[in-house]
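Participant: I'd like to ask some things about the structure below.
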Amino acid sequence: MRQNWLLNNATVEQLKELPNVGPVRANQIFDMRPWSGTQELSRVSGLGAASVRNIEESGSVCP
């Protein structure tokens with residue numbers, strides 16, 4: 001069962017578990033904190049609207 005965690009408190013390892021997020025993007029997300037919501041993730045290079053929607057639908061992260 002997948003755990004939910006807060007976007008601004010997640011570790012790089014947790015971020016790598018998100019859809020379309022590997023080590024490079026996980027580090028970008030980590031370094032670009034704080035986030036006010038998951039929609040802001042579209043600022044990360046390579047994460048478009050569809051990728052952000054997949055992340056939101058995964059149920060892994062809370063803004």
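We name chains A, B, ... following the order of the structure tokens; residues begin at 1 in each chain, and ligands are numbered from 1 as shown.
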Please extract the residues of chain A with a backbone DSSP assignment of strand (DSSP E) and present them as a PyMOL selection string.
Facilitator: chain A and resi 5-6+61-62
Participant: Can you write out the residues you just picked, keeping N, CA, C and O atoms, as a CSV table (one decimal), in the first residue's frame?
Facilitator:
```csv
chain,number,residue,atom,x,y,z
A,5,TRP,N,2.4,11.5,1.3
A,5,TRP,CA,3.3,12.3,2.0
A,5,TRP,C,3.2,13.7,1.4
A,5,TRP,O,2.7,13.9,0.3
A,6,LEU,N,3.6,14.7,2.2
A,6,LEU,CA,3.6,16.1,1.8
A,6,LEU,C,4.7,16.4,0.8
A,6,LEU,O,5.8,16.0,1.0
A,61,VAL,N,1.1,12.0,-3.3
A,61,VAL,CA,1.5,13.2,-2.7
A,61,VAL,C,0.4,14.2,-2.4
A,61,VAL,O,-0.6,14.2,-3.2
A,62,CYS,N,0.5,14.9,-1.3
A,62,CYS,CA,-0.4,16.0,-1.0
A,62,CYS,C,0.3,17.3,-1.1
A,62,CYS,O,1.5,17.3,-0.8
```
Participant: Write out as a list in words which residues come within 12 Å of A:Asn9 when counting only C-alpha atoms, dropping same-chain ones fewer than 3 positions away.
Facilitator: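 Everything that qualifies: Asn4, Trp5, Leu6, Val12, Glu13, Gln14, Leu15, Ile29, Phe30, Asp31, Arg33, Pro34, Trp35, Val61, Cys62 and Pro63 of chain A.
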Participant: Based on the backbone DSSP call, show me all residues of chain A assigned alpha helix (DSSP H), as a list in words.
Facilitator: Val12, Glu13, Gln14, Leu15, Pro23, Val24, Arg25, Ala26, Asn27, Gln28, Ile29, Phe30, Asp31, Ala49, Ala50, Ser51, Val52, Arg53, Asn54, Ile55, Glu56, Glu57 and Ser58 of chain A
Participant: Record the distance separating atom CA of A:Glu17 and atom CA of A:Glu57, expressed in Å with one decimal.
Facilitator: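 These two atoms are separated by 13.3 Å.
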Participant: Could you tell me which of A:Val24, A:Thr11, A:Met32, A:Pro19 comes closest to A:Ala50 if we count only C-alpha atoms?
Facilitator: A:Pro19
Participant: Do a neighbour search on A:Asn20 at 8 Å with only C-alpha atoms, toss out local chain neighbours closer than 3 positions, and write the hits as a list in words.
Facilitator: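 Within the cut-off, the hits are Leu47, Ser51 and Ile55 of chain A.
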Participant: Go ahead and save the picked residues with all heavy atoms, as a CSV table (one decimal), in the first residue's frame.
Facilitator:
```csv
chain,number,residue,atom,x,y,z
A,47,LEU,N,8.2,18.1,-17.0
A,47,LEU,CA,6.9,17.8,-16.4
A,47,LEU,C,5.8,18.7,-16.9
A,47,LEU,O,5.7,19.9,-16.5
A,47,LEU,CB,6.9,17.9,-14.8
A,47,LEU,CG,7.7,16.8,-14.1
A,47,LEU,CD1,7.6,17.1,-12.6
A,47,LEU,CD2,7.2,15.5,-14.4
A,51,SER,N,1.9,15.0,-17.1
A,51,SER,CA,2.7,14.4,-16.1
A,51,SER,C,2.2,14.8,-14.7
A,51,SER,O,2.2,14.0,-13.8
A,51,SER,CB,4.2,14.8,-16.3
A,51,SER,OG,4.7,14.2,-17.4
A,55,ILE,N,0.8,12.5,-11.6
A,55,ILE,CA,1.3,12.6,-10.2
A,55,ILE,C,0.1,12.8,-9.3
A,55,ILE,O,0.0,12.1,-8.2
A,55,ILE,CB,2.3,13.7,-10.1
A,55,ILE,CG1,3.6,13.3,-10.8
A,55,ILE,CG2,2.6,14.0,-8.6
A,55,ILE,CD1,4.6,14.4,-11.0
```
Participant: Can you tell me how far atom CA of A:Gly46 sits from atom CA of A:Gly59, in Å to one decimal?
Facilitator: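 Between atom CA of A:Gly46 and atom CA of A:Gly59 the gap is 20.3 Å.
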